[in-house]
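Before any comments, here is the structure.
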Amino acid sequence: MAKFAATDCYVLVSTQNISDWCFGIDIPDSKSQIDVSGFNPTASMEFVPGQRDQSIVLNIEQDFGSTQIHALLNPLYVNNTVFAVEIRPTSGARSATNPWFGGSAQLYEYDGLSAQLNNRAEITATIRPASNAIWAWATV
């Protein structure tokens, strides 16, 4: 896959494809920096990588329909449910040029509704790996 415009991303949450409601995806992945500096002739600091912090942040158009976004996400959040999440650059099948990211997850932030007069109703959902899980990009 060459450079591309994100127009067809795939978002699966707990077996439900919510791609049509999503308009923003961010997948930050970072490690804490542990200072292990000591005296040295260059007066420089030294760090080693620590614990990993992964998340998927989704910007979603809210829908209160009986089988739509709120009906899906609110119970996952309230009940601390572990579920599957999968993100792909396009809706095409998984492949070397269309890898997927995700795995076992829990919903840690769900704002429910953000609305302004004459604008679409939006929400932000922050998903993190389930306890002791780590996500990685994969092709199969």
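Labeling convention for the structure tokens: chains A, B, ... as they appear, residues from 1 per chain, ligands from 1 in order of appearance.
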
Test item: residues at most 9 Å from A:Trp137, only C-alpha atoms, excluding those fewer than 4 positions along its chain, as a list in words | Pro99, Trp100, Phe101 and Gly102 of chain A

List the neighbours of A:Phe23 out to 9 Å using only C-alpha atoms; skip same-chain residues closer than 5 positions along the sequence, and give me the result as a list in words.
-> Thr7, Cys9, Leu58, Asn59, Ile60 and Glu61 of chain A

For each of A:Asn80, A:Ser95, A:Asn119, A:Thr42, take the minimum atom-to-atom distance to A:Ser131, counting only C-alpha atoms, then give the residue where this is smallest.
->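 Of A:Asn80, A:Ser95, A:Asn119, A:Thr42, the one nearest A:Ser131, counting only C-alpha atoms, is A:Asn80.
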
Return the single residue from A:Leu117, A:Leu76, A:Ile134, A:Val36 that is closest to A:Gln54, with distances computed using only C-alpha atoms.
->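 Counting only C-alpha atoms, the residue closest to A:Gln54 is A:Ile134.
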
Considering only C-alpha atoms, return as an MDAnalysis selection string whatever protein or nucleic-acid residues lie within 7 Å of A:Glu122, sequence-local ones (same chain, fewer than 2 positions apart) excluded.
-> chainID A and resid 60:62 113:115 120

Point out the residue among A:Ser55, A:Gln106, A:Ala71, A:Gly24 with the least atom-to-atom distance to A:Ala136, counting only C-alpha atoms.
->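 For A:Ala136, the nearest of the given residues is A:Ser55.
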
When you draw a straight line from atom CA of A:Phe47 to atom CA of A:Ser30, how long is it in Å?
->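 Atom-to-atom, atom CA of A:Phe47 and atom CA of A:Ser30 are spaced 14.1 Å apart.
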
Select from stretch 14-132 of chain A everything DSSP, run on the backbone, classes as strand (DSSP E), then give the selection as an MDAnalysis selection string.
-> chainID A and resid 16:17 22:26 29:35 47:54 56:61 83:88 100:110 122:129

Give me the residues within 10 Å of A:Asn17 as a PyMOL selection string, counting only C-alpha atoms and dropping any in the same chain fewer than 6 places off.
-> chain A and resi 10-11+85-86+91

Dump of N, CA and C atoms for the selected residues, as a tab-separated table (two decimals), in the first residue's frame:
```tsv
chain	number	residue	atom	x	y	z
A	10	TYR	N	-11.38	0.43	8.57
A	10	TYR	CA	-12.26	-0.62	9.11
A	10	TYR	C	-12.14	-0.62	10.63
A	11	VAL	N	-13.27	-0.57	11.33
A	11	VAL	CA	-13.29	-0.55	12.79
A	11	VAL	C	-14.28	-1.59	13.29
A	85	VAL	N	-11.25	-6.02	19.49
A	85	VAL	CA	-11.21	-4.80	18.69
A	85	VAL	C	-10.23	-5.02	17.55
A	86	GLU	N	-10.58	-4.50	16.37
A	86	GLU	CA	-9.71	-4.63	15.21
A	86	GLU	C	-9.81	-3.37	14.36
A	91	SER	N	-11.19	-1.39	4.39
A	91	SER	CA	-12.16	-2.46	4.67
A	91	SER	C	-11.82	-3.74	3.93
```

Give me every helix (DSSP H, G or I) residue in stretch 8-130 of chain A, going by DSSP on the backbone, as an MDAnalysis selection string.
-> chainID A and resid 19:21 69:78

Restricting it to all heavy atoms, dump the selection as an mmCIF file, in the first residue's frame.
```cif
data_model
loop_
_atom_site.group_PDB
_atom_site.id
_atom_site.type_symbol
_atom_site.label_atom_id
_atom_site.label_comp_id
_atom_site.auth_asym_id
_atom_site.auth_seq_id
_atom_site.Cartn_x
_atom_site.Cartn_y
_atom_site.Cartn_z
ATOM 1 N N SER A 19 -17.476 1.030 11.378
ATOM 2 C CA SER A 19 -16.717 1.906 10.480
ATOM 3 C C SER A 19 -17.538 3.090 9.982
ATOM 4 O O SER A 19 -17.029 4.203 9.874
ATOM 5 C CB SER A 19 -16.202 1.112 9.277
ATOM 6 O OG SER A 19 -15.422 0.020 9.704
ATOM 7 N N ASP A 20 -18.806 2.863 9.658
ATOM 8 C CA ASP A 20 -19.660 3.925 9.118
ATOM 9 C C ASP A 20 -19.894 5.070 10.097
ATOM 10 O O ASP A 20 -20.252 6.165 9.692
ATOM 11 C CB ASP A 20 -21.023 3.368 8.694
ATOM 12 C CG ASP A 20 -20.939 2.515 7.445
ATOM 13 O OD1 ASP A 20 -19.879 2.506 6.787
ATOM 14 O OD2 ASP A 20 -21.933 1.847 7.129
ATOM 15 N N TRP A 21 -19.714 4.838 11.384
ATOM 16 C CA TRP A 21 -19.923 5.882 12.390
ATOM 17 C C TRP A 21 -18.617 6.572 12.781
ATOM 18 O O TRP A 21 -18.635 7.639 13.368
ATOM 19 C CB TRP A 21 -20.585 5.300 13.642
ATOM 20 C CG TRP A 21 -22.021 4.951 13.463
ATOM 21 C CD1 TRP A 21 -23.099 5.763 13.679
ATOM 22 C CD2 TRP A 21 -22.553 3.710 13.026
ATOM 23 N NE1 TRP A 21 -24.254 5.100 13.404
ATOM 24 C CE2 TRP A 21 -23.953 3.829 12.987
ATOM 25 C CE3 TRP A 21 -21.999 2.497 12.638
ATOM 26 C CZ2 TRP A 21 -24.792 2.796 12.607
ATOM 27 C CZ3 TRP A 21 -22.826 1.468 12.258
ATOM 28 C CH2 TRP A 21 -24.207 1.625 12.243
ATOM 29 N N ILE A 69 -24.592 2.589 18.213
ATOM 30 C CA ILE A 69 -23.368 2.908 18.943
ATOM 31 C C ILE A 69 -23.545 2.910 20.466
ATOM 32 O O ILE A 69 -22.814 2.237 21.186
ATOM 33 C CB ILE A 69 -22.789 4.258 18.462
ATOM 34 C CG1 ILE A 69 -22.389 4.175 16.985
ATOM 35 C CG2 ILE A 69 -21.611 4.692 19.311
ATOM 36 C CD1 ILE A 69 -21.353 3.113 16.663
ATOM 37 N N HIS A 70 -24.499 3.667 20.981
ATOM 38 C CA HIS A 70 -24.689 3.729 22.436
ATOM 39 C C HIS A 70 -25.058 2.361 22.998
ATOM 40 O O HIS A 70 -24.553 1.959 24.044
ATOM 41 C CB HIS A 70 -25.742 4.770 22.792
ATOM 42 C CG HIS A 70 -25.918 4.951 24.257
ATOM 43 N ND1 HIS A 70 -24.977 5.576 25.053
ATOM 44 C CD2 HIS A 70 -26.920 4.576 25.094
ATOM 45 C CE1 HIS A 70 -25.394 5.582 26.316
ATOM 46 N NE2 HIS A 70 -26.562 4.982 26.361
ATOM 47 N N ALA A 71 -25.923 1.639 22.287
ATOM 48 C CA ALA A 71 -26.339 0.307 22.737
ATOM 49 C C ALA A 71 -25.163 -0.668 22.757
ATOM 50 O O ALA A 71 -25.147 -1.611 23.548
ATOM 51 C CB ALA A 71 -27.449 -0.227 21.847
ATOM 52 N N LEU A 72 -24.165 -0.437 21.913
ATOM 53 C CA LEU A 72 -22.962 -1.272 21.887
ATOM 54 C C LEU A 72 -21.959 -0.855 22.956
ATOM 55 O O LEU A 72 -21.507 -1.673 23.760
ATOM 56 C CB LEU A 72 -22.308 -1.188 20.500
ATOM 57 C CG LEU A 72 -20.906 -1.786 20.363
ATOM 58 C CD1 LEU A 72 -20.950 -3.301 20.519
ATOM 59 C CD2 LEU A 72 -20.285 -1.388 19.037
ATOM 60 N N LEU A 73 -21.593 0.438 22.969
ATOM 61 C CA LEU A 73 -20.481 0.896 23.798
ATOM 62 C C LEU A 73 -20.813 1.081 25.279
ATOM 63 O O LEU A 73 -19.985 0.766 26.137
ATOM 64 C CB LEU A 73 -19.909 2.201 23.234
ATOM 65 C CG LEU A 73 -19.298 2.109 21.839
ATOM 66 C CD1 LEU A 73 -18.770 3.468 21.414
ATOM 67 C CD2 LEU A 73 -18.211 1.053 21.767
ATOM 68 N N ASN A 74 -21.975 1.614 25.590
ATOM 69 C CA ASN A 74 -22.283 1.885 26.995
ATOM 70 C C ASN A 74 -22.205 0.624 27.867
ATOM 71 O O ASN A 74 -21.576 0.663 28.923
ATOM 72 C CB ASN A 74 -23.635 2.581 27.127
ATOM 73 C CG ASN A 74 -23.861 3.097 28.521
ATOM 74 O OD1 ASN A 74 -23.078 3.885 29.044
ATOM 75 N ND2 ASN A 74 -24.929 2.634 29.150
ATOM 76 N N PRO A 75 -22.802 -0.507 27.469
ATOM 77 C CA PRO A 75 -22.664 -1.714 28.300
ATOM 78 C C PRO A 75 -21.218 -2.216 28.409
ATOM 79 O O PRO A 75 -20.813 -2.719 29.458
ATOM 80 C CB PRO A 75 -23.535 -2.746 27.583
ATOM 81 C CG PRO A 75 -24.495 -1.952 26.772
ATOM 82 C CD PRO A 75 -23.752 -0.712 26.376
ATOM 83 N N LEU A 76 -20.429 -2.075 27.332
ATOM 84 C CA LEU A 76 -19.030 -2.490 27.406
ATOM 85 C C LEU A 76 -18.299 -1.677 28.464
ATOM 86 O O LEU A 76 -17.493 -2.212 29.231
ATOM 87 C CB LEU A 76 -18.341 -2.302 26.047
ATOM 88 C CG LEU A 76 -18.825 -3.169 24.894
ATOM 89 C CD1 LEU A 76 -18.106 -2.780 23.605
ATOM 90 C CD2 LEU A 76 -18.644 -4.644 25.198
ATOM 91 N N TYR A 77 -18.595 -0.386 28.512
ATOM 92 C CA TYR A 77 -17.956 0.505 29.482
ATOM 93 C C TYR A 77 -18.455 0.228 30.905
ATOM 94 O O TYR A 77 -17.657 0.013 31.823
ATOM 95 C CB TYR A 77 -18.227 1.959 29.097
ATOM 96 C CG TYR A 77 -17.679 2.949 30.092
ATOM 97 C CD1 TYR A 77 -16.314 3.166 30.203
ATOM 98 C CD2 TYR A 77 -18.530 3.646 30.935
ATOM 99 C CE1 TYR A 77 -15.803 4.059 31.126
ATOM 100 C CE2 TYR A 77 -18.031 4.545 31.854
ATOM 101 C CZ TYR A 77 -16.667 4.743 31.952
ATOM 102 O OH TYR A 77 -16.177 5.627 32.872
ATOM 103 N N VAL A 78 -19.762 0.223 31.085
ATOM 104 C CA VAL A 78 -20.348 0.068 32.421
ATOM 105 C C VAL A 78 -19.989 -1.272 33.057
ATOM 106 O O VAL A 78 -19.700 -1.352 34.246
ATOM 107 C CB VAL A 78 -21.887 0.243 32.350
ATOM 108 C CG1 VAL A 78 -22.552 -0.149 33.657
ATOM 109 C CG2 VAL A 78 -22.235 1.678 31.989
#
```
